[in-house]
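**Q** This one is entry.pdb, PDB, C-alpha atoms.
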```
ATOM      1  CA  MET A   1     -39.269 124.281 119.117  1.00  0.00           C
ATOM      2  CA  ASN A   2     -42.888 125.171 118.459  1.00  0.00           C
ATOM      3  CA  LYS A   3     -44.349 125.197 114.956  1.00  0.00           C
ATOM      4  CA  SER A   4     -44.738 128.983 114.847  1.00  0.00           C
ATOM      5  CA  ASN A   5     -41.081 129.513 115.750  1.00  0.00           C
ATOM      6  CA  HIS A   6     -40.025 126.883 113.216  1.00  0.00           C
ATOM      7  CA  ASN A   7     -42.001 128.681 110.500  1.00  0.00           C
ATOM      8  CA  ASP A   8     -40.397 132.005 111.488  1.00  0.00           C
ATOM      9  CA  ILE A   9     -36.944 130.438 111.191  1.00  0.00           C
ATOM     10  CA  LEU A  10     -37.719 129.001 107.741  1.00  0.00           C
ATOM     11  CA  LEU A  11     -39.149 132.324 106.561  1.00  0.00           C
ATOM     12  CA  ALA A  12     -36.180 134.242 107.935  1.00  0.00           C
ATOM     13  CA  GLU A  13     -33.796 131.819 106.228  1.00  0.00           C
ATOM     14  CA  LYS A  14     -35.591 132.336 102.911  1.00  0.00           C
ATOM     15  CA  PHE A  15     -35.344 136.108 103.291  1.00  0.00           C
ATOM     16  CA  TYR A  16     -31.645 135.899 104.130  1.00  0.00           C
ATOM     17  CA  THR A  17     -30.595 133.275 101.619  1.00  0.00           C
ATOM     18  CA  TYR A  18     -32.736 134.026  98.580  1.00  0.00           C
ATOM     19  CA  GLU A  19     -33.676 137.670  98.985  1.00  0.00           C
ATOM     20  CA  HIS A  20     -30.368 138.822 100.512  1.00  0.00           C
ATOM     21  CA  MET A  21     -32.093 140.744 103.276  1.00  0.00           C
ATOM     22  CA  SER A  22     -30.131 141.891 106.318  1.00  0.00           C
ATOM     23  CA  CYS A  23     -30.789 140.391 109.738  1.00  0.00           C
ATOM     24  CA  SER A  24     -32.180 143.753 110.887  1.00  0.00           C
ATOM     25  CA  ASP A  25     -34.637 143.911 107.984  1.00  0.00           C
ATOM     26  CA  ILE A  26     -35.688 140.308 108.543  1.00  0.00           C
ATOM     27  CA  ALA A  27     -36.222 140.888 112.262  1.00  0.00           C
ATOM     28  CA  GLU A  28     -38.409 143.890 111.539  1.00  0.00           C
ATOM     29  CA  LYS A  29     -40.391 142.001 108.899  1.00  0.00           C
ATOM     30  CA  ILE A  30     -41.151 138.944 111.062  1.00  0.00           C
ATOM     31  CA  GLY A  31     -41.416 140.764 114.393  1.00  0.00           C
ATOM     32  CA  LYS A  32     -38.360 139.279 116.095  1.00  0.00           C
ATOM     33  CA  ASN A  33     -35.264 140.744 117.728  1.00  0.00           C
ATOM     34  CA  ARG A  34     -32.278 141.303 115.401  1.00  0.00           C
ATOM     35  CA  ARG A  35     -30.028 139.286 117.730  1.00  0.00           C
ATOM     36  CA  THR A  36     -32.437 136.362 117.527  1.00  0.00           C
ATOM     37  CA  VAL A  37     -32.230 136.394 113.730  1.00  0.00           C
ATOM     38  CA  GLU A  38     -28.417 136.652 113.894  1.00  0.00           C
ATOM     39  CA  THR A  39     -28.363 133.659 116.241  1.00  0.00           C
ATOM     40  CA  TRP A  40     -30.481 131.654 113.777  1.00  0.00           C
ATOM     41  CA  LYS A  41     -28.176 132.731 110.950  1.00  0.00           C
ATOM     42  CA  LYS A  42     -25.144 131.303 112.751  1.00  0.00           C
ATOM     43  CA  LYS A  43     -26.888 128.233 114.168  1.00  0.00           C
ATOM     44  CA  PHE A  44     -28.407 127.130 110.852  1.00  0.00           C
ATOM     45  CA  GLY A  45     -25.532 128.118 108.538  1.00  0.00           C
ATOM     46  CA  TRP A  46     -27.400 130.658 106.433  1.00  0.00           C
ATOM     47  CA  GLU A  47     -24.224 132.385 105.253  1.00  0.00           C
ATOM     48  CA  ASP A  48     -22.975 129.128 103.721  1.00  0.00           C
ATOM     49  CA  LYS A  49     -26.353 128.518 102.098  1.00  0.00           C
ATOM     50  CA  ARG A  50     -26.389 132.028 100.613  1.00  0.00           C
ATOM     51  CA  THR A  51     -22.829 131.556  99.306  1.00  0.00           C
ATOM     52  CA  GLU A  52     -23.692 128.168  97.771  1.00  0.00           C
ATOM     53  CA  LEU A  53     -26.709 129.680  96.035  1.00  0.00           C
ATOM     54  CA  ILE A  54     -24.649 132.528  94.607  1.00  0.00           C
ATOM     55  CA  GLU A  55     -21.942 130.122  93.444  1.00  0.00           C
ATOM     56  CA  SER A  56     -24.486 127.839  91.784  1.00  0.00           C
ATOM     57  CA  ARG A  57     -25.876 130.822  89.904  1.00  0.00           C
ATOM     58  CA  ARG A  58     -22.374 131.852  88.862  1.00  0.00           C
ATOM     59  CA  ALA A  59     -21.675 128.363  87.551  1.00  0.00           C
ATOM     60  CA  LEU A  60     -24.731 128.310  85.284  1.00  0.00           C
ATOM     61  CA  PRO A  61     -23.226 130.099  82.233  1.00  0.00           C
ATOM     62  CA  GLN A  62     -20.119 127.933  82.452  1.00  0.00           C
ATOM     63  CA  LYS A  63     -22.171 124.733  82.618  1.00  0.00           C
ATOM     64  CA  LEU A  64     -24.304 125.823  79.669  1.00  0.00           C
ATOM     65  CA  MET A  65     -21.160 126.607  77.666  1.00  0.00           C
ATOM     66  CA  GLU A  66     -19.674 123.207  78.544  1.00  0.00           C
ATOM     67  CA  HIS A  67     -22.821 121.445  77.306  1.00  0.00           C
ATOM     68  CA  TYR A  68     -22.890 123.615  74.191  1.00  0.00           C
ATOM     69  CA  ASN A  69     -19.270 122.679  73.457  1.00  0.00           C
ATOM     70  CA  LEU A  70     -20.015 118.980  73.934  1.00  0.00           C
ATOM     71  CA  ILE A  71     -22.899 119.148  71.457  1.00  0.00           C
ATOM     72  CA  MET A  72     -20.798 121.105  68.961  1.00  0.00           C
ATOM     73  CA  ASP A  73     -17.933 118.592  69.299  1.00  0.00           C
ATOM     74  CA  SER A  74     -20.412 115.790  68.658  1.00  0.00           C
ATOM     75  CA  ILE A  75     -21.733 117.566  65.565  1.00  0.00           C
ATOM     76  CA  GLY A  76     -18.172 118.103  64.357  1.00  0.00           C
ATOM     77  CA  ARG A  77     -17.322 114.406  64.804  1.00  0.00           C
ATOM     78  CA  ASP A  78     -20.479 113.379  62.967  1.00  0.00           C
ATOM     79  CA  LEU A  79     -19.635 115.683  60.056  1.00  0.00           C
ATOM     80  CA  LYS A  80     -16.016 114.475  59.873  1.00  0.00           C
ATOM     81  CA  GLU A  81     -17.210 110.879  59.789  1.00  0.00           C
ATOM     82  CA  GLY A  82     -19.715 111.683  57.048  1.00  0.00           C
ATOM     83  CA  LYS A  83     -22.662 110.906  59.271  1.00  0.00           C
ATOM     84  CA  GLU A  84     -25.946 112.717  59.009  1.00  0.00           C
ATOM     85  CA  VAL A  85     -26.347 115.085  61.936  1.00  0.00           C
ATOM     86  CA  PRO A  86     -29.800 114.868  63.509  1.00  0.00           C
ATOM     87  CA  ALA A  87     -31.706 118.146  63.468  1.00  0.00           C
ATOM     88  CA  SER A  88     -32.269 117.716  67.198  1.00  0.00           C
ATOM     89  CA  LYS A  89     -28.536 118.218  67.828  1.00  0.00           C
ATOM     90  CA  TYR A  90     -28.576 121.492  65.927  1.00  0.00           C
ATOM     91  CA  ARG A  91     -31.690 122.619  67.801  1.00  0.00           C
ATOM     92  CA  LEU A  92     -30.169 121.723  71.145  1.00  0.00           C
ATOM     93  CA  ALA A  93     -26.953 123.589  70.315  1.00  0.00           C
ATOM     94  CA  ALA A  94     -28.954 126.635  69.226  1.00  0.00           C
ATOM     95  CA  MET A  95     -31.094 126.575  72.384  1.00  0.00           C
ATOM     96  CA  LEU A  96     -28.039 126.279  74.611  1.00  0.00           C
ATOM     97  CA  PHE A  97     -26.273 129.086  72.778  1.00  0.00           C
ATOM     98  CA  GLU A  98     -29.351 131.292  73.112  1.00  0.00           C
ATOM     99  CA  GLN A  99     -29.498 130.735  76.868  1.00  0.00           C
ATOM    100  CA  ILE A 100     -25.874 131.595  77.688  1.00  0.00           C
ATOM    101  CA  PRO A 101     -26.400 135.411  77.708  1.00  0.00           C
ATOM    102  CA  LYS A 102     -29.510 134.958  79.835  1.00  0.00           C
ATOM    103  CA  ALA A 103     -27.549 132.818  82.281  1.00  0.00           C
ATOM    104  CA  GLU A 104     -24.834 135.471  82.371  1.00  0.00           C
ATOM    105  CA  ALA A 105     -27.505 138.019  83.319  1.00  0.00           C
ATOM    106  CA  VAL A 106     -28.566 135.702  86.148  1.00  0.00           C
ATOM    107  CA  GLU A 107     -24.933 135.465  87.233  1.00  0.00           C
ATOM    108  CA  LYS A 108     -24.558 139.234  87.221  1.00  0.00           C
ATOM    109  CA  ALA A 109     -27.712 139.688  89.289  1.00  0.00           C
ATOM    110  CA  ALA A 110     -26.678 136.918  91.687  1.00  0.00           C
ATOM    111  CA  SER A 111     -23.350 138.609  92.319  1.00  0.00           C
ATOM    112  CA  GLY A 112     -25.272 141.577  93.700  1.00  0.00           C
ATOM    113  CA  ALA A 113     -24.192 144.120  91.104  1.00  0.00           C
ATOM    114  CA  VAL A 114     -25.302 147.608  92.062  1.00  0.00           C
ATOM    115  CA  GLY A 115     -28.462 148.712  90.328  1.00  0.00           C
ATOM    116  CA  GLU A 116     -29.325 145.238  89.104  1.00  0.00           C
ATOM    117  CA  LYS A 117     -32.790 143.869  89.627  1.00  0.00           C
ATOM    118  CA  LYS A 118     -32.901 140.790  91.855  1.00  0.00           C
ATOM    119  CA  ILE A 119     -33.734 137.566  90.043  1.00  0.00           C
ATOM    120  CA  ASP A 120     -35.834 134.975  91.761  1.00  0.00           C
ATOM    121  CA  ASP A 121     -35.031 131.288  91.618  1.00  0.00           C
ATOM    122  CA  SER A 122     -37.978 130.524  89.346  1.00  0.00           C
ATOM    123  CA  LYS A 123     -36.223 132.536  86.624  1.00  0.00           C
ATOM    124  CA  VAL A 124     -33.033 130.525  87.105  1.00  0.00           C
ATOM    125  CA  VAL A 125     -35.010 127.303  86.786  1.00  0.00           C
ATOM    126  CA  LYS A 126     -36.747 128.662  83.673  1.00  0.00           C
ATOM    127  CA  VAL A 127     -33.412 129.451  81.984  1.00  0.00           C
ATOM    128  CA  VAL A 128     -32.119 125.953  82.706  1.00  0.00           C
ATOM    129  CA  ARG A 129     -35.348 124.322  81.486  1.00  0.00           C
ATOM    130  CA  GLN A 130     -35.206 126.398  78.299  1.00  0.00           C
ATOM    131  CA  ALA A 131     -31.563 125.516  77.750  1.00  0.00           C
ATOM    132  CA  PHE A 132     -32.364 121.832  77.836  1.00  0.00           C
ATOM    133  CA  GLY A 133     -35.439 122.180  75.666  1.00  0.00           C
ATOM    134  CA  LEU A 134     -37.864 121.340  78.425  1.00  0.00           C
ATOM    135  CA  GLU A 135     -39.636 124.676  78.001  1.00  0.00           C
ATOM    136  CA  GLU A 136     -39.974 127.043  75.060  1.00  0.00           C
ATOM    137  CA  SER A 137     -37.851 130.168  75.203  1.00  0.00           C
ATOM    138  CA  ASP A 138     -39.597 133.524  75.185  1.00  0.00           C
ATOM    139  CA  THR A 139     -38.384 134.203  71.641  1.00  0.00           C
ATOM    140  CA  GLU A 140     -39.761 130.881  70.370  1.00  0.00           C
ATOM    141  CA  ASN A 141     -43.273 131.522  71.609  1.00  0.00           C
ATOM    142  CA  GLY A 142     -43.333 135.048  70.232  1.00  0.00           C
ATOM    143  CA  GLU A 143     -42.668 137.018  73.389  1.00  0.00           C
ATOM    144  CA  ASN A 144     -40.190 139.834  73.566  1.00  0.00           C
ATOM    145  CA  ASP A 145     -37.094 139.243  75.731  1.00  0.00           C
ATOM    146  CA  GLU A 146     -37.283 142.694  77.273  1.00  0.00           C
ATOM    147  CA  LYS A 147     -40.065 142.554  79.835  1.00  0.00           C
TER     148      LYS A 147
END
```
Translate the structure of the given file into structure tokens.

**A**
Amino acid sequence: MNKSNHNDILLAEKFYTYEHMSCSDIAEKIGKNRRTVETWKKKFGWEDKRTELIESRRALPQKLMEHYNLIMDSIGRDLKEGKEVPASKYRLAAMLFEQIPKAEAVEKAASGAVGEKKIDDSKVVKVVRQAFGLEESDTENGENDEK
């Protein structure tokens, strides 16, 4: 396989998997035959990759809630035992709780709800980074959530 063809396959896969484009639309965009794109889709397992991506996006709110519950359980144990609860635990719980609705919005968009704006993967990564305190949330740095 030549490099140009390899690049076309990777680009087509990105369009199919991440942008949910049809094989016809992809073929038109990259200048290939629709049947060629459909062959690539089957040969390289794009449908499974798209499904895995959607499922991972759907799992995000649940994972955030699980982590939130773990932190809250830890805080509860500390309080019952008369221990001082570090402020960092409260901050982490608050950040996780703040991110759950955002993750649910990602889930809704990933499920392909009609009329919903597509969300790119950088936004998913941003929500996760914010949830774990690796990046400030939009509300913390003074930005409005509705952009």

**Q** Would you mind listing, for every residue of region 46-81 of chain A within 12 Å of region 90-98 of chain A, the two atoms forming the shortest contact and the distance between them in Å to one decimal, using only C-alpha atoms, sorted by chain and ascending residue number, as JSON lines?

**A**
```
{"residue": "A:Leu60", "atom": "CA", "partner": "A:Leu96", "partner_atom": "CA", "distance": 11.4}
{"residue": "A:Pro61", "atom": "CA", "partner": "A:Leu96", "partner_atom": "CA", "distance": 9.8}
{"residue": "A:Gln62", "atom": "CA", "partner": "A:Leu96", "partner_atom": "CA", "distance": 11.3}
{"residue": "A:Lys63", "atom": "CA", "partner": "A:Leu96", "partner_atom": "CA", "distance": 10.0}
{"residue": "A:Leu64", "atom": "CA", "partner": "A:Leu96", "partner_atom": "CA", "distance": 6.3}
{"residue": "A:Met65", "atom": "CA", "partner": "A:Phe97", "partner_atom": "CA", "distance": 7.5}
{"residue": "A:Glu66", "atom": "CA", "partner": "A:Leu96", "partner_atom": "CA", "distance": 9.7}
{"residue": "A:His67", "atom": "CA", "partner": "A:Leu96", "partner_atom": "CA", "distance": 7.6}
{"residue": "A:Tyr68", "atom": "CA", "partner": "A:Ala93", "partner_atom": "CA", "distance": 5.6}
{"residue": "A:Asn69", "atom": "CA", "partner": "A:Ala93", "partner_atom": "CA", "distance": 8.4}
{"residue": "A:Leu70", "atom": "CA", "partner": "A:Ala93", "partner_atom": "CA", "distance": 9.1}
{"residue": "A:Ile71", "atom": "CA", "partner": "A:Ala93", "partner_atom": "CA", "distance": 6.1}
{"residue": "A:Met72", "atom": "CA", "partner": "A:Ala93", "partner_atom": "CA", "distance": 6.8}
{"residue": "A:Asp73", "atom": "CA", "partner": "A:Ala93", "partner_atom": "CA", "distance": 10.4}
{"residue": "A:Ser74", "atom": "CA", "partner": "A:Ala93", "partner_atom": "CA", "distance": 10.3}
{"residue": "A:Ile75", "atom": "CA", "partner": "A:Tyr90", "partner_atom": "CA", "distance": 7.9}
{"residue": "A:Gly76", "atom": "CA", "partner": "A:Tyr90", "partner_atom": "CA", "distance": 11.1}
{"residue": "A:Asp78", "atom": "CA", "partner": "A:Tyr90", "partner_atom": "CA", "distance": 11.8}
```

**Q** Between CA of Glu38 (chain A) and CA of Ile54 (chain A), what distance in Å does the model show, to one decimal?

**A** 20.1 Å

**Q** Between CA of Thr51 (chain A) and CA of Ser4 (chain A), what is the spacing in Å?

**A**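 A separation of 27.0 Å between them.
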
**Q** Can you tell me how far CA of Lys29 (chain A) sits from CA of Lys3 (chain A), in Å to one decimal?

**A**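 Distance between the two atoms: 18.3 Å.
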
**Q** Which one is closest to Ser56 (chain A): A:Gly31, A:Val85, A:Asn5, A:Ala103? Count only C-alpha atoms.

**A**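 With only C-alpha atoms as the atom set, the closest residue is A:Ala103.
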
**Q** Name the residues captured by the PyMOL selection byres ((chain A and resi 18) around 8) when it is applied to the shown file; answer as a PyMOL selection string.

**A** chain A and resi 14-17+19-20+50+53+120-121
